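> For reference, the file protein-v5.txt (compact mmCIF, N, CA and C atoms) is included below:
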```txt
# COMPACT_ATOMS: atom_id res chain seq x y z
N MET A 1 25.53 29.65 -4.63
CA MET A 1 24.30 29.27 -5.32
C MET A 1 23.29 28.81 -4.27
N ASP A 2 22.14 29.43 -4.21
CA ASP A 2 21.14 29.04 -3.24
C ASP A 2 20.23 27.96 -3.79
N ALA A 3 19.40 27.40 -2.91
CA ALA A 3 18.55 26.27 -3.28
C ALA A 3 17.44 26.65 -4.25
N THR A 4 17.07 27.94 -4.29
CA THR A 4 15.98 28.34 -5.18
C THR A 4 16.41 28.42 -6.64
N SER A 5 17.71 28.47 -6.88
CA SER A 5 18.17 28.56 -8.26
C SER A 5 18.25 27.21 -8.96
N LEU A 6 18.06 26.12 -8.22
CA LEU A 6 18.08 24.79 -8.82
C LEU A 6 16.67 24.40 -9.23
N PRO A 7 16.38 24.29 -10.53
CA PRO A 7 15.02 24.03 -10.98
C PRO A 7 14.53 22.61 -10.69
N HIS A 8 15.43 21.66 -10.51
CA HIS A 8 15.03 20.27 -10.36
C HIS A 8 14.97 19.81 -8.91
N GLN A 9 15.25 20.67 -7.97
CA GLN A 9 15.31 20.26 -6.58
C GLN A 9 13.90 19.98 -6.04
N HIS A 10 13.75 18.83 -5.40
CA HIS A 10 12.51 18.41 -4.75
C HIS A 10 11.33 18.31 -5.73
N LYS A 11 11.59 17.97 -6.95
CA LYS A 11 10.53 17.79 -7.92
C LYS A 11 10.62 16.38 -8.48
N PHE A 12 9.56 15.63 -8.36
CA PHE A 12 9.53 14.28 -8.89
C PHE A 12 8.25 14.10 -9.68
N PRO A 13 8.23 13.55 -10.83
CA PRO A 13 9.37 13.13 -11.64
C PRO A 13 10.08 14.32 -12.27
N ASP A 14 11.35 14.14 -12.54
CA ASP A 14 12.20 15.18 -13.09
C ASP A 14 11.99 15.24 -14.60
N THR A 15 11.10 16.11 -15.04
CA THR A 15 10.76 16.18 -16.46
C THR A 15 11.70 17.08 -17.24
N GLU A 16 12.52 17.88 -16.57
CA GLU A 16 13.43 18.76 -17.28
C GLU A 16 14.62 18.00 -17.87
N ARG A 17 15.07 16.92 -17.21
CA ARG A 17 16.28 16.25 -17.63
C ARG A 17 16.05 14.88 -18.28
N THR A 18 14.83 14.44 -18.41
CA THR A 18 14.58 13.13 -19.01
C THR A 18 13.28 13.16 -19.80
N THR A 19 13.19 12.29 -20.79
CA THR A 19 11.96 12.18 -21.55
C THR A 19 11.07 11.07 -21.01
N ARG A 20 11.64 10.18 -20.22
CA ARG A 20 10.85 9.11 -19.61
C ARG A 20 10.22 9.62 -18.33
N SER A 21 9.00 9.23 -18.07
CA SER A 21 8.28 9.79 -16.94
C SER A 21 8.75 9.27 -15.59
N HIS A 22 9.39 8.11 -15.55
CA HIS A 22 9.80 7.53 -14.27
C HIS A 22 11.25 7.09 -14.25
N ALA A 23 12.11 7.72 -15.03
CA ALA A 23 13.52 7.33 -15.06
C ALA A 23 14.16 7.63 -13.71
N GLY A 24 14.74 6.62 -13.08
CA GLY A 24 15.40 6.79 -11.80
C GLY A 24 14.47 6.98 -10.63
N GLU A 25 13.25 6.53 -10.75
CA GLU A 25 12.25 6.76 -9.71
C GLU A 25 12.68 6.19 -8.36
N SER A 26 13.23 5.00 -8.35
CA SER A 26 13.57 4.36 -7.09
C SER A 26 14.62 5.12 -6.31
N ILE A 27 15.54 5.77 -6.98
CA ILE A 27 16.59 6.50 -6.29
C ILE A 27 16.16 7.94 -5.99
N GLN A 28 15.49 8.60 -6.93
CA GLN A 28 15.10 10.01 -6.73
C GLN A 28 14.03 10.18 -5.67
N ASP A 29 13.08 9.26 -5.61
CA ASP A 29 11.98 9.38 -4.66
C ASP A 29 12.44 8.79 -3.32
N SER A 30 12.67 9.65 -2.34
CA SER A 30 13.24 9.19 -1.07
C SER A 30 12.28 8.31 -0.27
N LEU A 31 11.03 8.27 -0.61
CA LEU A 31 10.11 7.38 0.10
C LEU A 31 10.33 5.92 -0.27
N ASN A 32 11.09 5.64 -1.32
CA ASN A 32 11.45 4.28 -1.68
C ASN A 32 12.64 3.75 -0.89
N TRP A 33 13.42 4.63 -0.31
CA TRP A 33 14.67 4.23 0.33
C TRP A 33 14.51 3.19 1.45
N PRO A 34 13.51 3.29 2.33
CA PRO A 34 13.36 2.22 3.34
C PRO A 34 13.11 0.85 2.69
N GLY A 35 12.33 0.83 1.62
CA GLY A 35 12.09 -0.44 0.93
C GLY A 35 13.35 -0.98 0.29
N LEU A 36 14.13 -0.10 -0.33
CA LEU A 36 15.39 -0.54 -0.94
C LEU A 36 16.37 -1.03 0.12
N LEU A 37 16.39 -0.36 1.27
CA LEU A 37 17.25 -0.80 2.36
C LEU A 37 16.83 -2.17 2.87
N LEU A 38 15.53 -2.39 3.02
CA LEU A 38 15.05 -3.69 3.47
C LEU A 38 15.37 -4.79 2.46
N ILE A 39 15.29 -4.49 1.19
CA ILE A 39 15.65 -5.48 0.16
C ILE A 39 17.15 -5.80 0.27
N GLY A 40 17.98 -4.78 0.48
CA GLY A 40 19.41 -5.00 0.66
C GLY A 40 19.71 -5.86 1.88
N VAL A 41 19.03 -5.57 3.00
CA VAL A 41 19.21 -6.38 4.21
C VAL A 41 18.75 -7.81 3.95
N GLY A 42 17.67 -7.96 3.19
CA GLY A 42 17.18 -9.30 2.85
C GLY A 42 18.19 -10.09 2.04
N ILE A 43 18.89 -9.42 1.13
CA ILE A 43 19.92 -10.11 0.33
C ILE A 43 21.08 -10.53 1.23
N VAL A 44 21.48 -9.66 2.15
CA VAL A 44 22.56 -10.02 3.08
C VAL A 44 22.11 -11.20 3.96
N LEU A 45 20.86 -11.17 4.41
CA LEU A 45 20.34 -12.28 5.22
C LEU A 45 20.24 -13.57 4.41
N LEU A 46 19.99 -13.47 3.12
CA LEU A 46 20.00 -14.66 2.28
C LEU A 46 21.39 -15.29 2.26
N ALA A 47 22.43 -14.46 2.16
CA ALA A 47 23.79 -14.96 2.22
C ALA A 47 24.08 -15.58 3.58
N ALA A 48 23.59 -14.95 4.65
CA ALA A 48 23.79 -15.51 5.99
C ALA A 48 23.06 -16.84 6.14
N THR A 49 21.87 -16.95 5.56
CA THR A 49 21.12 -18.20 5.60
C THR A 49 21.87 -19.32 4.90
N LEU A 50 22.38 -19.04 3.72
CA LEU A 50 23.11 -20.06 2.98
C LEU A 50 24.41 -20.45 3.67
N THR A 51 25.07 -19.46 4.29
CA THR A 51 26.30 -19.76 5.02
C THR A 51 26.01 -20.62 6.24
N ALA A 52 24.97 -20.26 7.00
CA ALA A 52 24.61 -21.04 8.19
C ALA A 52 24.18 -22.45 7.80
N ALA A 53 23.46 -22.58 6.69
CA ALA A 53 23.05 -23.91 6.23
C ALA A 53 24.26 -24.73 5.81
N GLY A 54 25.22 -24.09 5.17
CA GLY A 54 26.43 -24.78 4.73
C GLY A 54 27.25 -25.32 5.89
N TYR A 55 27.27 -24.57 7.00
CA TYR A 55 28.02 -25.01 8.17
C TYR A 55 27.21 -25.91 9.09
N GLY A 56 25.93 -26.10 8.80
CA GLY A 56 25.09 -27.02 9.57
C GLY A 56 24.45 -26.42 10.80
N PHE A 57 24.37 -25.11 10.91
CA PHE A 57 23.72 -24.46 12.04
C PHE A 57 22.23 -24.31 11.74
N VAL A 58 21.44 -25.28 12.15
CA VAL A 58 20.02 -25.32 11.78
C VAL A 58 19.25 -24.15 12.40
N GLY A 59 19.50 -23.83 13.63
CA GLY A 59 18.79 -22.74 14.30
C GLY A 59 19.04 -21.40 13.63
N TRP A 60 20.31 -21.11 13.33
CA TRP A 60 20.65 -19.87 12.66
C TRP A 60 20.11 -19.84 11.24
N THR A 61 20.07 -21.01 10.60
CA THR A 61 19.53 -21.07 9.24
C THR A 61 18.06 -20.70 9.23
N VAL A 62 17.30 -21.25 10.16
CA VAL A 62 15.86 -20.95 10.22
C VAL A 62 15.63 -19.48 10.56
N LEU A 63 16.37 -18.98 11.55
CA LEU A 63 16.21 -17.59 11.96
C LEU A 63 16.54 -16.62 10.82
N ALA A 64 17.69 -16.83 10.19
CA ALA A 64 18.09 -15.95 9.10
C ALA A 64 17.15 -16.10 7.91
N GLY A 65 16.65 -17.30 7.65
CA GLY A 65 15.73 -17.51 6.54
C GLY A 65 14.40 -16.79 6.74
N VAL A 66 13.88 -16.85 7.96
CA VAL A 66 12.62 -16.17 8.25
C VAL A 66 12.81 -14.65 8.16
N LEU A 67 13.90 -14.14 8.75
CA LEU A 67 14.16 -12.70 8.68
C LEU A 67 14.39 -12.25 7.24
N CYS A 68 15.06 -13.08 6.44
CA CYS A 68 15.27 -12.77 5.03
C CYS A 68 13.94 -12.62 4.31
N GLY A 69 13.03 -13.57 4.51
CA GLY A 69 11.72 -13.52 3.88
C GLY A 69 10.92 -12.30 4.29
N VAL A 70 10.96 -11.97 5.59
CA VAL A 70 10.22 -10.82 6.09
C VAL A 70 10.78 -9.52 5.50
N CYS A 71 12.11 -9.39 5.50
CA CYS A 71 12.73 -8.16 4.96
C CYS A 71 12.46 -8.02 3.46
N MET A 72 12.58 -9.10 2.72
CA MET A 72 12.36 -9.02 1.27
C MET A 72 10.90 -8.66 0.97
N LEU A 73 9.96 -9.34 1.62
CA LEU A 73 8.55 -9.06 1.37
C LEU A 73 8.17 -7.63 1.77
N ALA A 74 8.66 -7.19 2.93
CA ALA A 74 8.35 -5.83 3.38
C ALA A 74 8.96 -4.80 2.44
N GLY A 75 10.20 -5.02 2.01
CA GLY A 75 10.86 -4.09 1.09
C GLY A 75 10.15 -3.99 -0.24
N ILE A 76 9.78 -5.13 -0.79
CA ILE A 76 9.06 -5.15 -2.07
C ILE A 76 7.70 -4.47 -1.93
N ALA A 77 7.03 -4.72 -0.80
CA ALA A 77 5.72 -4.10 -0.57
C ALA A 77 5.83 -2.58 -0.49
N ILE A 78 6.88 -2.07 0.17
CA ILE A 78 7.06 -0.63 0.29
C ILE A 78 7.34 -0.01 -1.07
N VAL A 79 8.23 -0.62 -1.85
CA VAL A 79 8.56 -0.08 -3.17
C VAL A 79 7.34 -0.10 -4.08
N LEU A 80 6.58 -1.20 -4.08
CA LEU A 80 5.39 -1.26 -4.92
C LEU A 80 4.31 -0.28 -4.47
N ALA A 81 4.15 -0.11 -3.16
CA ALA A 81 3.16 0.84 -2.65
C ALA A 81 3.51 2.27 -3.05
N GLU A 82 4.79 2.62 -2.99
CA GLU A 82 5.20 3.97 -3.38
C GLU A 82 5.04 4.16 -4.88
N HIS A 83 5.38 3.14 -5.66
CA HIS A 83 5.21 3.24 -7.11
C HIS A 83 3.73 3.39 -7.46
N ARG A 84 2.89 2.65 -6.76
CA ARG A 84 1.45 2.76 -6.98
C ARG A 84 0.94 4.15 -6.60
N ARG A 85 1.47 4.71 -5.50
CA ARG A 85 1.05 6.04 -5.07
C ARG A 85 1.37 7.08 -6.14
N ILE A 86 2.54 6.97 -6.74
CA ILE A 86 2.94 7.91 -7.80
C ILE A 86 2.05 7.73 -9.03
N LYS A 87 1.77 6.49 -9.40
CA LYS A 87 0.91 6.24 -10.56
C LYS A 87 -0.50 6.77 -10.33
N VAL A 88 -1.05 6.55 -9.14
CA VAL A 88 -2.40 7.04 -8.83
C VAL A 88 -2.41 8.56 -8.85
N HIS A 89 -1.35 9.18 -8.35
CA HIS A 89 -1.26 10.65 -8.38
C HIS A 89 -1.30 11.17 -9.81
N GLU A 90 -0.78 10.38 -10.75
CA GLU A 90 -0.80 10.77 -12.17
C GLU A 90 -2.07 10.32 -12.88
N GLY A 91 -2.95 9.60 -12.16
CA GLY A 91 -4.18 9.12 -12.76
C GLY A 91 -4.01 7.85 -13.58
N LEU A 92 -2.96 7.09 -13.30
CA LEU A 92 -2.68 5.86 -14.04
C LEU A 92 -2.76 4.66 -13.11
N HIS A 93 -2.71 3.46 -13.69
CA HIS A 93 -2.65 2.22 -12.93
C HIS A 93 -1.27 1.61 -13.10
N LEU A 94 -0.92 0.63 -12.26
CA LEU A 94 0.39 -0.01 -12.37
C LEU A 94 0.57 -0.74 -13.69
N THR A 95 -0.52 -1.17 -14.31
CA THR A 95 -0.42 -1.94 -15.53
C THR A 95 -0.45 -1.08 -16.80
N ASP A 96 -0.57 0.23 -16.64
CA ASP A 96 -0.54 1.12 -17.82
C ASP A 96 0.85 1.08 -18.45
N PRO A 97 0.95 1.04 -19.78
CA PRO A 97 2.23 0.81 -20.42
C PRO A 97 3.17 2.01 -20.47
N CYS A 98 2.77 3.20 -20.09
CA CYS A 98 3.69 4.35 -20.19
C CYS A 98 4.71 4.31 -19.05
N GLY A 99 5.82 4.98 -19.25
CA GLY A 99 6.89 4.99 -18.23
C GLY A 99 7.69 3.72 -18.29
N HIS A 100 7.84 3.05 -17.16
CA HIS A 100 8.63 1.81 -17.11
C HIS A 100 7.81 0.68 -17.66
```
Please re-express this file's structure in structure tokens.


Amino acid sequence: MDATSLPHQHKFPDTERTTRSHAGESIQDSLNWPGLLLIGVGIVLLAATLTAAGYGFVGWTVLAGVLCGVCMLAGIAIVLAEHRRIKVHEGLHLTDPCGH
């Protein structure tokens, strides 16, 4: 089976298999992946921050806390920017009630 026989390949949003306009957007749209990865790293750094604070390592707590904040904010900004780009491409705003 070649790639041309798959109707849903490289098409976003996938309107053939769903009635919702943005179902699974974060996973299907690969431009969201760096943001999702940064959010995941931020969550791991949050755990590292709490662990370092629990053991009394002030320097590591501050370092991990700052990196956690930076990763979480950057990840959220990337995901929101990509979601906004898709909405603008459709002629909508982020606050329009259709989709999610």

> Expressed in Å to a single decimal, how great is the separation between atom N of Glu90 in chain A and atom N of Cys71 in chain A?

28.7 Å

> Contacts of range 42-54 of chain A at 10 Å or less, counting only C-alpha atoms, minus same-chain residues fewer than 5 places along, as a list in words?

Leu36, Leu37, Gly59, Trp60, Thr61, Val62, Leu63, Ala64, Gly65, Val66, Leu67, Cys68, Gly69, Val70, Cys71, Met72, Leu73, Ala74 and Gly75 of chain A

> Just to confirm, what's the straight-line distance from CA of Ala77 in chain A to CA of Asp29 in chain A in Å (one decimal)?

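Computing it gives 15.4 Å between the two atoms.
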
> Would you compute the distance between atom C of Arg84 in chain A and atom C of Leu38 in chain A? Give it in Å to one decimal.

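Distance between the two atoms: 19.2 Å.
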
> Using the file's own x, y and z axes, so that the box edges lie along x, y and z, what centre and edge lengths in Å (one decimal) does a box around every listed atom of range 80-89 of chain A get when 6 Å is added on each side? Give it as lines of an AutoDock Vina configuration file.


```
center_x = 2.1
center_y = 5.0
center_z = -6.6
size_x = 21.0
size_y = 24.4
size_z = 19.9
```

> Out of range 22-67 of chain A, which residues get alpha helix (DSSP H) from DSSP, as a VMD selection string?

chain A and resid 25 to 28 33 to 55 58 to 67
